[in-house]
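Student: mmCIF, N, CA and C atoms, saved as run18.cif, coming up:
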```cif
data_protein
loop_
_atom_site.label_atom_id
_atom_site.label_comp_id
_atom_site.auth_asym_id
_atom_site.auth_seq_id
_atom_site.Cartn_x
_atom_site.Cartn_y
_atom_site.Cartn_z
N MET J 1013 48.69 1.39 -1.37
CA MET J 1013 50.15 1.41 -1.29
C MET J 1013 50.61 1.45 0.17
N LYS J 1014 51.61 0.68 0.46
CA LYS J 1014 52.16 0.66 1.81
C LYS J 1014 53.03 1.89 2.02
N PRO J 1015 53.01 2.46 3.24
CA PRO J 1015 53.92 3.58 3.51
C PRO J 1015 55.37 3.12 3.48
N LYS J 1016 56.24 4.06 3.11
CA LYS J 1016 57.68 3.81 3.09
C LYS J 1016 58.26 4.41 4.37
N VAL J 1017 59.03 3.61 5.10
CA VAL J 1017 59.65 4.03 6.35
C VAL J 1017 61.16 4.03 6.18
N ALA J 1018 61.79 5.16 6.54
CA ALA J 1018 63.25 5.25 6.50
C ALA J 1018 63.79 5.31 7.93
N PHE J 1019 64.72 4.44 8.22
CA PHE J 1019 65.42 4.44 9.50
C PHE J 1019 66.75 5.14 9.24
N ILE J 1020 66.97 6.27 9.89
CA ILE J 1020 68.15 7.06 9.55
C ILE J 1020 69.03 7.36 10.76
N CYS J 1021 70.31 7.46 10.48
CA CYS J 1021 71.30 7.93 11.45
C CYS J 1021 72.46 8.48 10.62
N VAL J 1022 73.51 8.86 11.25
CA VAL J 1022 74.60 9.51 10.53
C VAL J 1022 75.31 8.53 9.58
N HIS J 1023 75.79 7.39 10.10
CA HIS J 1023 76.64 6.51 9.29
C HIS J 1023 75.94 5.35 8.59
N ASN J 1024 74.70 5.06 8.94
CA ASN J 1024 73.97 3.96 8.32
C ASN J 1024 74.80 2.67 8.34
N SER J 1025 75.35 2.34 9.52
CA SER J 1025 76.18 1.15 9.59
C SER J 1025 75.79 0.19 10.72
N CYS J 1026 74.87 0.59 11.60
CA CYS J 1026 74.55 -0.28 12.72
C CYS J 1026 73.05 -0.28 13.03
N ARG J 1027 72.59 0.65 13.88
CA ARG J 1027 71.19 0.66 14.33
C ARG J 1027 70.20 0.80 13.18
N SER J 1028 70.46 1.73 12.27
CA SER J 1028 69.51 1.92 11.17
C SER J 1028 69.48 0.70 10.25
N GLN J 1029 70.62 0.05 10.07
CA GLN J 1029 70.66 -1.17 9.27
C GLN J 1029 69.89 -2.30 9.96
N MET J 1030 70.06 -2.43 11.28
CA MET J 1030 69.32 -3.45 12.01
C MET J 1030 67.82 -3.18 11.90
N ALA J 1031 67.43 -1.90 11.99
CA ALA J 1031 66.01 -1.55 11.90
C ALA J 1031 65.45 -1.87 10.51
N GLU J 1032 66.20 -1.56 9.46
CA GLU J 1032 65.74 -1.89 8.11
C GLU J 1032 65.53 -3.40 7.98
N ALA J 1033 66.52 -4.17 8.42
CA ALA J 1033 66.45 -5.63 8.32
C ALA J 1033 65.28 -6.19 9.13
N LEU J 1034 65.09 -5.69 10.34
CA LEU J 1034 64.00 -6.20 11.18
C LEU J 1034 62.65 -5.69 10.69
N GLY J 1035 62.62 -4.51 10.10
CA GLY J 1035 61.38 -4.03 9.48
C GLY J 1035 60.96 -4.95 8.34
N LYS J 1036 61.94 -5.37 7.55
CA LYS J 1036 61.65 -6.28 6.43
C LYS J 1036 61.25 -7.66 6.94
N LYS J 1037 61.78 -8.06 8.09
CA LYS J 1037 61.44 -9.37 8.65
C LYS J 1037 60.05 -9.38 9.29
N PHE J 1038 59.71 -8.30 10.03
CA PHE J 1038 58.49 -8.33 10.83
C PHE J 1038 57.34 -7.45 10.33
N ALA J 1039 57.56 -6.61 9.34
CA ALA J 1039 56.49 -5.66 9.00
C ALA J 1039 56.28 -5.45 7.50
N THR J 1040 56.83 -6.29 6.67
CA THR J 1040 56.71 -6.11 5.23
C THR J 1040 55.26 -6.05 4.76
N ASP J 1041 54.36 -6.70 5.49
CA ASP J 1041 52.95 -6.67 5.11
C ASP J 1041 52.31 -5.30 5.32
N ILE J 1042 52.93 -4.45 6.15
CA ILE J 1042 52.35 -3.15 6.51
C ILE J 1042 53.15 -1.98 5.96
N PHE J 1043 54.48 -2.06 5.96
CA PHE J 1043 55.28 -0.96 5.43
C PHE J 1043 56.56 -1.45 4.75
N GLU J 1044 57.10 -0.59 3.88
CA GLU J 1044 58.38 -0.86 3.22
C GLU J 1044 59.48 -0.23 4.07
N SER J 1045 60.58 -0.93 4.26
CA SER J 1045 61.68 -0.47 5.09
C SER J 1045 62.91 -0.08 4.28
N TYR J 1046 63.50 1.05 4.67
CA TYR J 1046 64.74 1.55 4.08
C TYR J 1046 65.61 2.07 5.20
N SER J 1047 66.89 2.20 4.95
CA SER J 1047 67.77 2.88 5.90
C SER J 1047 68.79 3.68 5.12
N ALA J 1048 69.28 4.76 5.76
CA ALA J 1048 70.26 5.63 5.09
C ALA J 1048 70.89 6.55 6.12
N GLY J 1049 71.95 7.23 5.68
CA GLY J 1049 72.63 8.20 6.54
C GLY J 1049 73.22 9.33 5.71
N THR J 1050 73.84 10.28 6.38
CA THR J 1050 74.47 11.40 5.68
C THR J 1050 75.90 11.07 5.29
N GLU J 1051 76.46 10.05 5.93
CA GLU J 1051 77.79 9.54 5.61
C GLU J 1051 77.65 8.02 5.62
N THR J 1052 78.58 7.33 5.02
CA THR J 1052 78.53 5.87 5.10
C THR J 1052 79.88 5.32 5.51
N LYS J 1053 79.84 4.18 6.13
CA LYS J 1053 81.04 3.41 6.43
C LYS J 1053 81.25 2.43 5.28
N GLU J 1054 82.41 1.80 5.23
CA GLU J 1054 82.69 0.82 4.16
C GLU J 1054 81.77 -0.37 4.23
N GLN J 1055 81.42 -0.76 5.45
CA GLN J 1055 80.58 -1.94 5.61
C GLN J 1055 79.69 -1.78 6.84
N ILE J 1056 78.72 -2.65 6.93
CA ILE J 1056 77.85 -2.67 8.10
C ILE J 1056 78.66 -3.18 9.29
N ASN J 1057 78.37 -2.67 10.46
CA ASN J 1057 79.04 -3.10 11.69
C ASN J 1057 78.92 -4.62 11.81
N GLN J 1058 80.06 -5.29 11.88
CA GLN J 1058 80.07 -6.75 11.87
C GLN J 1058 79.52 -7.37 13.15
N ASP J 1059 79.55 -6.65 14.25
CA ASP J 1059 78.90 -7.15 15.48
C ASP J 1059 77.38 -7.17 15.29
N ALA J 1060 76.84 -6.14 14.64
CA ALA J 1060 75.40 -6.11 14.33
C ALA J 1060 75.04 -7.24 13.38
N VAL J 1061 75.89 -7.48 12.39
CA VAL J 1061 75.67 -8.56 11.43
C VAL J 1061 75.58 -9.90 12.15
N LYS J 1062 76.53 -10.16 13.06
CA LYS J 1062 76.56 -11.44 13.80
C LYS J 1062 75.29 -11.63 14.62
N VAL J 1063 74.87 -10.57 15.31
CA VAL J 1063 73.69 -10.66 16.18
C VAL J 1063 72.44 -10.93 15.35
N LEU J 1064 72.25 -10.23 14.25
CA LEU J 1064 71.05 -10.46 13.45
C LEU J 1064 71.06 -11.83 12.77
N LYS J 1065 72.24 -12.29 12.41
CA LYS J 1065 72.35 -13.62 11.79
C LYS J 1065 72.00 -14.70 12.82
N THR J 1066 72.51 -14.55 14.04
CA THR J 1066 72.26 -15.53 15.09
C THR J 1066 70.82 -15.49 15.59
N MET J 1067 70.33 -14.30 15.88
CA MET J 1067 69.00 -14.16 16.49
C MET J 1067 67.85 -14.28 15.49
N TYR J 1068 68.05 -13.80 14.25
CA TYR J 1068 66.94 -13.69 13.31
C TYR J 1068 67.17 -14.40 11.98
N LYS J 1069 68.33 -15.03 11.82
CA LYS J 1069 68.67 -15.71 10.56
C LYS J 1069 68.66 -14.74 9.37
N VAL J 1070 69.09 -13.50 9.60
CA VAL J 1070 69.18 -12.47 8.56
C VAL J 1070 70.66 -12.19 8.32
N ASP J 1071 71.09 -12.37 7.07
CA ASP J 1071 72.49 -12.11 6.72
C ASP J 1071 72.59 -10.72 6.11
N MET J 1072 72.89 -9.73 6.95
CA MET J 1072 72.96 -8.35 6.46
C MET J 1072 74.12 -8.15 5.49
N ASN J 1073 75.19 -8.92 5.59
CA ASN J 1073 76.30 -8.79 4.64
C ASN J 1073 75.85 -9.15 3.22
N LYS J 1074 74.93 -10.07 3.13
CA LYS J 1074 74.47 -10.54 1.83
C LYS J 1074 73.41 -9.60 1.24
N GLU J 1075 72.51 -9.07 2.10
CA GLU J 1075 71.33 -8.36 1.60
C GLU J 1075 71.39 -6.83 1.72
N TYR J 1076 72.31 -6.29 2.51
CA TYR J 1076 72.27 -4.86 2.79
C TYR J 1076 73.64 -4.21 2.60
N ARG J 1077 73.62 -2.88 2.41
CA ARG J 1077 74.85 -2.10 2.30
C ARG J 1077 74.56 -0.71 2.84
N PRO J 1078 75.57 -0.01 3.36
CA PRO J 1078 75.36 1.37 3.80
C PRO J 1078 74.92 2.25 2.62
N LYS J 1079 73.92 3.12 2.88
CA LYS J 1079 73.38 3.99 1.83
C LYS J 1079 73.28 5.43 2.33
N LEU J 1080 73.35 6.36 1.39
CA LEU J 1080 73.15 7.77 1.69
C LEU J 1080 71.67 8.11 1.55
N LEU J 1081 71.25 9.22 2.16
CA LEU J 1081 69.85 9.64 2.09
C LEU J 1081 69.37 9.73 0.64
N LYS J 1082 70.23 10.19 -0.25
CA LYS J 1082 69.85 10.35 -1.66
C LYS J 1082 69.66 9.02 -2.39
N ASP J 1083 70.08 7.92 -1.77
CA ASP J 1083 70.00 6.61 -2.40
C ASP J 1083 68.67 5.88 -2.18
N ILE J 1084 67.80 6.45 -1.38
CA ILE J 1084 66.53 5.79 -1.09
C ILE J 1084 65.38 6.60 -1.69
N PRO J 1085 64.23 5.96 -1.91
CA PRO J 1085 63.09 6.70 -2.49
C PRO J 1085 62.49 7.68 -1.48
N LYS J 1086 61.57 8.52 -1.96
CA LYS J 1086 60.84 9.43 -1.09
C LYS J 1086 60.05 8.58 -0.09
N VAL J 1087 60.10 9.00 1.18
CA VAL J 1087 59.47 8.20 2.23
C VAL J 1087 58.33 8.96 2.91
N ASP J 1088 57.48 8.19 3.60
CA ASP J 1088 56.35 8.76 4.34
C ASP J 1088 56.69 8.98 5.80
N ILE J 1089 57.49 8.08 6.35
CA ILE J 1089 57.82 8.10 7.78
C ILE J 1089 59.33 8.05 7.94
N VAL J 1090 59.85 8.90 8.83
CA VAL J 1090 61.28 8.88 9.15
C VAL J 1090 61.43 8.53 10.62
N ILE J 1091 62.23 7.52 10.89
CA ILE J 1091 62.56 7.13 12.26
C ILE J 1091 64.04 7.44 12.46
N LYS J 1092 64.31 8.37 13.37
CA LYS J 1092 65.69 8.70 13.73
C LYS J 1092 66.12 7.74 14.82
N MET J 1093 67.31 7.21 14.69
CA MET J 1093 67.78 6.20 15.63
C MET J 1093 68.20 6.78 16.98
N GLY J 1094 68.54 8.04 17.01
CA GLY J 1094 69.04 8.65 18.24
C GLY J 1094 70.50 8.96 18.06
N CYS J 1095 70.77 10.03 17.37
CA CYS J 1095 72.12 10.31 16.90
C CYS J 1095 73.05 10.91 17.94
N ASN J 1096 72.51 11.54 18.97
CA ASN J 1096 73.31 12.24 19.98
C ASN J 1096 74.15 13.35 19.36
N VAL J 1097 73.86 13.67 18.13
CA VAL J 1097 74.42 14.81 17.42
C VAL J 1097 73.25 15.32 16.59
N ILE J 1098 73.49 16.13 15.61
CA ILE J 1098 72.39 16.57 14.77
C ILE J 1098 72.02 15.43 13.82
N CYS J 1099 70.81 14.92 13.97
CA CYS J 1099 70.35 13.83 13.12
C CYS J 1099 70.12 14.34 11.71
N PRO J 1100 70.29 13.48 10.72
CA PRO J 1100 70.01 13.88 9.35
C PRO J 1100 68.56 14.30 9.19
N PHE J 1101 68.28 15.12 8.17
CA PHE J 1101 66.92 15.54 7.86
C PHE J 1101 66.49 14.89 6.56
N LEU J 1102 65.27 14.39 6.55
CA LEU J 1102 64.69 13.79 5.36
C LEU J 1102 63.21 14.19 5.34
N PRO J 1103 62.74 14.82 4.25
CA PRO J 1103 61.33 15.23 4.19
C PRO J 1103 60.40 14.02 4.31
N CYS J 1104 59.30 14.20 5.04
CA CYS J 1104 58.36 13.10 5.24
C CYS J 1104 57.05 13.65 5.81
N LYS J 1105 56.09 12.76 6.02
CA LYS J 1105 54.80 13.13 6.60
C LYS J 1105 54.78 12.97 8.12
N TYR J 1106 55.67 12.11 8.64
CA TYR J 1106 55.69 11.82 10.08
C TYR J 1106 57.11 11.45 10.48
N THR J 1107 57.54 11.96 11.64
CA THR J 1107 58.89 11.67 12.16
C THR J 1107 58.81 11.31 13.63
N GLU J 1108 59.67 10.38 14.04
CA GLU J 1108 59.88 10.16 15.47
C GLU J 1108 61.33 9.76 15.71
N ASP J 1109 61.79 10.00 16.91
CA ASP J 1109 63.17 9.70 17.30
C ASP J 1109 63.13 8.59 18.33
N TRP J 1110 63.75 7.46 18.01
CA TRP J 1110 63.74 6.33 18.92
C TRP J 1110 64.80 6.46 20.02
N GLY J 1111 65.71 7.38 19.90
CA GLY J 1111 66.68 7.64 20.96
C GLY J 1111 67.50 6.44 21.40
N LEU J 1112 67.89 5.60 20.46
CA LEU J 1112 68.64 4.39 20.80
C LEU J 1112 70.12 4.68 20.96
N GLU J 1113 70.69 4.12 21.99
CA GLU J 1113 72.13 4.27 22.20
C GLU J 1113 72.88 3.40 21.20
N ASP J 1114 73.96 3.92 20.67
CA ASP J 1114 74.76 3.19 19.70
C ASP J 1114 75.58 2.11 20.40
N PRO J 1115 75.41 0.84 20.02
CA PRO J 1115 76.17 -0.23 20.67
C PRO J 1115 77.60 -0.40 20.13
N THR J 1116 77.95 0.36 19.08
CA THR J 1116 79.27 0.22 18.46
C THR J 1116 80.38 0.35 19.51
N GLY J 1117 81.29 -0.62 19.50
CA GLY J 1117 82.41 -0.62 20.43
C GLY J 1117 82.07 -1.18 21.80
N LYS J 1118 80.84 -1.64 21.96
CA LYS J 1118 80.41 -2.19 23.26
C LYS J 1118 80.32 -3.71 23.17
N SER J 1119 79.85 -4.32 24.24
CA SER J 1119 79.80 -5.78 24.34
C SER J 1119 78.76 -6.41 23.42
N HIS J 1120 78.92 -7.70 23.22
CA HIS J 1120 77.97 -8.49 22.44
C HIS J 1120 76.56 -8.36 23.04
N GLU J 1121 76.50 -8.34 24.37
CA GLU J 1121 75.21 -8.23 25.06
C GLU J 1121 74.51 -6.92 24.73
N GLU J 1122 75.29 -5.85 24.53
CA GLU J 1122 74.69 -4.56 24.17
C GLU J 1122 74.07 -4.61 22.77
N PHE J 1123 74.69 -5.35 21.86
CA PHE J 1123 74.13 -5.53 20.53
C PHE J 1123 72.84 -6.34 20.59
N ILE J 1124 72.83 -7.37 21.42
CA ILE J 1124 71.62 -8.18 21.59
C ILE J 1124 70.50 -7.30 22.15
N LYS J 1125 70.83 -6.50 23.16
CA LYS J 1125 69.85 -5.60 23.77
C LYS J 1125 69.30 -4.62 22.73
N SER J 1126 70.18 -4.05 21.92
CA SER J 1126 69.75 -3.12 20.87
C SER J 1126 68.82 -3.80 19.87
N ALA J 1127 69.18 -5.00 19.45
CA ALA J 1127 68.36 -5.74 18.49
C ALA J 1127 66.96 -6.01 19.06
N LYS J 1128 66.90 -6.39 20.33
CA LYS J 1128 65.59 -6.67 20.96
C LYS J 1128 64.75 -5.40 21.07
N ILE J 1129 65.37 -4.28 21.41
CA ILE J 1129 64.65 -3.01 21.49
C ILE J 1129 64.12 -2.62 20.11
N ILE J 1130 64.98 -2.75 19.10
CA ILE J 1130 64.56 -2.41 17.74
C ILE J 1130 63.42 -3.31 17.29
N GLU J 1131 63.51 -4.60 17.56
CA GLU J 1131 62.43 -5.53 17.21
C GLU J 1131 61.11 -5.08 17.85
N GLU J 1132 61.16 -4.77 19.13
CA GLU J 1132 59.96 -4.33 19.85
C GLU J 1132 59.39 -3.05 19.22
N LYS J 1133 60.26 -2.10 18.90
CA LYS J 1133 59.81 -0.83 18.32
C LYS J 1133 59.26 -1.02 16.90
N ILE J 1134 59.85 -1.93 16.14
CA ILE J 1134 59.35 -2.24 14.79
C ILE J 1134 57.94 -2.80 14.89
N LYS J 1135 57.74 -3.74 15.79
CA LYS J 1135 56.42 -4.37 15.96
C LYS J 1135 55.39 -3.35 16.44
N ASP J 1136 55.80 -2.44 17.31
CA ASP J 1136 54.90 -1.38 17.77
C ASP J 1136 54.55 -0.43 16.62
N LEU J 1137 55.56 -0.03 15.84
CA LEU J 1137 55.32 0.84 14.69
C LEU J 1137 54.38 0.16 13.70
N ARG J 1138 54.59 -1.12 13.47
CA ARG J 1138 53.74 -1.89 12.57
C ARG J 1138 52.28 -1.81 13.02
N GLU J 1139 52.04 -2.01 14.29
CA GLU J 1139 50.67 -1.98 14.82
C GLU J 1139 50.06 -0.59 14.73
N ARG J 1140 50.86 0.44 15.03
CA ARG J 1140 50.34 1.82 14.95
C ARG J 1140 49.98 2.20 13.52
N ILE J 1141 50.79 1.77 12.56
CA ILE J 1141 50.46 2.05 11.15
C ILE J 1141 49.23 1.26 10.75
N LYS J 1142 49.20 -0.01 11.10
CA LYS J 1142 48.07 -0.89 10.77
C LYS J 1142 46.76 -0.33 11.32
N ASN J 1143 46.80 0.21 12.52
CA ASN J 1143 45.60 0.74 13.18
C ASN J 1143 45.34 2.22 12.88
N ASN J 1144 46.06 2.74 11.88
CA ASN J 1144 45.90 4.15 11.47
C ASN J 1144 46.11 5.13 12.61
N GLU J 1145 47.03 4.83 13.50
CA GLU J 1145 47.33 5.71 14.63
C GLU J 1145 48.37 6.75 14.26
N ILE J 1146 48.95 6.64 13.08
CA ILE J 1146 49.93 7.63 12.60
C ILE J 1146 49.30 8.34 11.41
N ASP J 1147 49.22 9.66 11.50
CA ASP J 1147 48.60 10.47 10.46
C ASP J 1147 49.57 10.66 9.30
N LEU J 1148 49.25 10.08 8.16
CA LEU J 1148 50.11 10.18 6.99
C LEU J 1148 49.50 11.06 5.90
N ILE J 1149 48.49 11.81 6.26
CA ILE J 1149 47.85 12.72 5.30
C ILE J 1149 48.62 14.03 5.31
N GLU J 1150 48.96 14.50 4.10
CA GLU J 1150 49.71 15.77 4.01
C GLU J 1150 48.79 16.94 4.13
#
```
Any chance you could give the structure as structure tokens?
Tutor:
Amino acid sequence: MKPKVAFICVHNSCRSQMAEALGKKFATDIFESYSAGTETKEQINQDAVKVLKTMYKVDMNKEYRPKLLKDIPKVDIVIKMGCNVICPFLPCKYTEDWGLEDPTGKSHEEFIKSAKIIEEKIKDLRERIKNNEIDLIE
């Protein structure tokens, strides 16, 4: 069974959604991707949607929606996006904080930069899981 990875932040409307989408694009062979938050917005940040559609041909409006922590299955790995407040808590076997700055309200270039950082981190996480560098034994 593949480990389940949850990308979490408070609103589940931008960074965590991008991470879920890019996890599904680049790492489905190694792990299952989910995203969630403690609160939700009505929709995914439309600047994030545009960037992922342009750069990766992923239509987040069609495939994704903001979700609460209770809406996703039990996970093995939790990746905190970098909340700059108290990040949500979700039980798991392994946690890390990516400390990503929220691009919401910033330029298009900041969204592109965020997407590229998330892509890089997804690919790194994929390799670390593949190479058993993350201890998932309880």
Student: Just list as a ChimeraX atom specification whatever in chain J DSSP marks as strand (DSSP E or B).
Tutor: /J:1016-1020,1044-1049,1080,1089-1092,1106-1109
Student: Can you translate the PyMOL selection byres (((chain J and resi 1077 and name CA) around 9) and name CA) into the concrete residues it hits in this file, as a VMD selection string?
Tutor: chain J and resid 1024 to 1025 1029 1054 to 1056 1072 to 1076 1078 to 1079
Student: Take the residues just selected and output them with N, CA and C atoms as a compact mmCIF listing (two decimals), in the frame of the given file.
Tutor:
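Saved result, again-v5.txt, follows:
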```txt
# COMPACT_ATOMS: atom_id res chain seq x y z
N ASN J 1024 74.70 5.06 8.94
CA ASN J 1024 73.97 3.96 8.32
C ASN J 1024 74.80 2.67 8.34
N SER J 1025 75.35 2.34 9.52
CA SER J 1025 76.18 1.15 9.59
C SER J 1025 75.79 0.19 10.72
N GLN J 1029 70.62 0.05 10.07
CA GLN J 1029 70.66 -1.17 9.27
C GLN J 1029 69.89 -2.30 9.96
N GLU J 1054 82.41 1.80 5.23
CA GLU J 1054 82.69 0.82 4.16
C GLU J 1054 81.77 -0.37 4.23
N GLN J 1055 81.42 -0.76 5.45
CA GLN J 1055 80.58 -1.94 5.61
C GLN J 1055 79.69 -1.78 6.84
N ILE J 1056 78.72 -2.65 6.93
CA ILE J 1056 77.85 -2.67 8.10
C ILE J 1056 78.66 -3.18 9.29
N MET J 1072 72.89 -9.73 6.95
CA MET J 1072 72.96 -8.35 6.46
C MET J 1072 74.12 -8.15 5.49
N ASN J 1073 75.19 -8.92 5.59
CA ASN J 1073 76.30 -8.79 4.64
C ASN J 1073 75.85 -9.15 3.22
N LYS J 1074 74.93 -10.07 3.13
CA LYS J 1074 74.47 -10.54 1.83
C LYS J 1074 73.41 -9.60 1.24
N GLU J 1075 72.51 -9.07 2.10
CA GLU J 1075 71.33 -8.36 1.60
C GLU J 1075 71.39 -6.83 1.72
N TYR J 1076 72.31 -6.29 2.51
CA TYR J 1076 72.27 -4.86 2.79
C TYR J 1076 73.64 -4.21 2.60
N PRO J 1078 75.57 -0.01 3.36
CA PRO J 1078 75.36 1.37 3.80
C PRO J 1078 74.92 2.25 2.62
N LYS J 1079 73.92 3.12 2.88
CA LYS J 1079 73.38 3.99 1.83
C LYS J 1079 73.28 5.43 2.33
```
Student: Go ahead and find all residues with at least one atom no further than 6 Å from (65.6, -1.0, 16.7) in the file's coordinates, using all atoms listed in the file; report them as a list in words.
Tutor: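 Every polymer residue passing the test: Met1030, Ala1031, Ser1126, Ala1127, Ile1129, Ile1130, Glu1131, Lys1133 and Ile1134 of chain J.
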Student: Could you work out how far atom CA of Tyr1068 of chain J lies from atom N of Phe1123 of chain J, giving the answer in Å with one decimal?
Tutor: 14.2 Å
Student: Quick one: residues within 9 Å of Phe1043 of chain J, only C-alpha atoms counted, chain neighbours fewer than 2 positions away excluded, as a list in words?
Tutor: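 Contacts, with the query itself left out: Met1013, Lys1014, Pro1015, Lys1016, Val1017, Gly1035, Lys1036, Ala1039, Thr1040, Asp1041, Ser1045, Arg1138, Ile1141 and Lys1142 of chain J.
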Student: Go ahead and fit an axis-aligned box to every listed atom of segment 1123-1139 of chain J plus 6 Å each side, and pass me the centre and edge lengths in Å, one decimal, as AutoDock Vina command-line options.
Tutor:
```
--center_x 62.4 --center_y -3.7 --center_z 18.2 --size_x 36.6 --size_y 21.0 --size_z 23.2
```
Student: Please list as a ChimeraX atom specification every residue within 8 Å of Thr1116 of chain J, counting only N, CA and C atoms and excluding residues in the same chain fewer than 2 positions away.
Tutor: /J:1026-1027,1057,1059-1060,1113-1114,1118-1119,1122-1123
Student: Store the residues of this selection in a file with N, CA and C atoms, as an mmCIF file, in the coordinates of the input.
Tutor:
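Once written, again39.cif looks like this:
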```
data_model
loop_
_atom_site.group_PDB
_atom_site.id
_atom_site.type_symbol
_atom_site.label_atom_id
_atom_site.label_comp_id
_atom_site.auth_asym_id
_atom_site.auth_seq_id
_atom_site.Cartn_x
_atom_site.Cartn_y
_atom_site.Cartn_z
ATOM 1 N N CYS J 1026 74.870 0.590 11.600
ATOM 2 C CA CYS J 1026 74.550 -0.280 12.720
ATOM 3 C C CYS J 1026 73.050 -0.280 13.030
ATOM 4 N N ARG J 1027 72.590 0.650 13.880
ATOM 5 C CA ARG J 1027 71.190 0.660 14.330
ATOM 6 C C ARG J 1027 70.200 0.800 13.180
ATOM 7 N N ASN J 1057 78.370 -2.670 10.460
ATOM 8 C CA ASN J 1057 79.040 -3.100 11.690
ATOM 9 C C ASN J 1057 78.920 -4.620 11.810
ATOM 10 N N ASP J 1059 79.550 -6.650 14.250
ATOM 11 C CA ASP J 1059 78.900 -7.150 15.480
ATOM 12 C C ASP J 1059 77.380 -7.170 15.290
ATOM 13 N N ALA J 1060 76.840 -6.140 14.640
ATOM 14 C CA ALA J 1060 75.400 -6.110 14.330
ATOM 15 C C ALA J 1060 75.040 -7.240 13.380
ATOM 16 N N GLU J 1113 70.690 4.120 21.990
ATOM 17 C CA GLU J 1113 72.130 4.270 22.200
ATOM 18 C C GLU J 1113 72.880 3.400 21.200
ATOM 19 N N ASP J 1114 73.960 3.920 20.670
ATOM 20 C CA ASP J 1114 74.760 3.190 19.700
ATOM 21 C C ASP J 1114 75.580 2.110 20.400
ATOM 22 N N LYS J 1118 80.840 -1.640 21.960
ATOM 23 C CA LYS J 1118 80.410 -2.190 23.260
ATOM 24 C C LYS J 1118 80.320 -3.710 23.170
ATOM 25 N N SER J 1119 79.850 -4.320 24.240
ATOM 26 C CA SER J 1119 79.800 -5.780 24.340
ATOM 27 C C SER J 1119 78.760 -6.410 23.420
ATOM 28 N N GLU J 1122 75.290 -5.850 24.530
ATOM 29 C CA GLU J 1122 74.690 -4.560 24.170
ATOM 30 C C GLU J 1122 74.070 -4.610 22.770
ATOM 31 N N PHE J 1123 74.690 -5.350 21.860
ATOM 32 C CA PHE J 1123 74.130 -5.530 20.530
ATOM 33 C C PHE J 1123 72.840 -6.340 20.590
#
```
Student: Under the rule that all atoms listed in the file are counted, which of J:Ile1146, J:Met1093, J:Ala1033, J:Ile1042 is the nearest residue to Glu1108 of chain J?
Tutor: J:Met1093
Student: What is the atom CA of Leu1064 of chain J-atom CA of Lys1128 of chain J distance in Å, reported with one decimal?
Tutor: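 Value for the atom CA of Leu1064 of chain J-atom CA of Lys1128 of chain J distance: 10.0 Å.
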Student: Between J:Arg1140, J:Ser1028, J:Pro1103, J:Thr1050, single out the one closest to Pro1085 of chain J, counting only C-alpha atoms.
Tutor: J:Pro1103
Student: Please write the residues picked by the PyMOL selection byres ((chain J and resi 1110) around 6.5) on this file as a list in words.
Tutor: Ile1091, Lys1092, Met1093, Gly1094, Glu1108, Asp1109, Gly1111 and Leu1112 of chain J
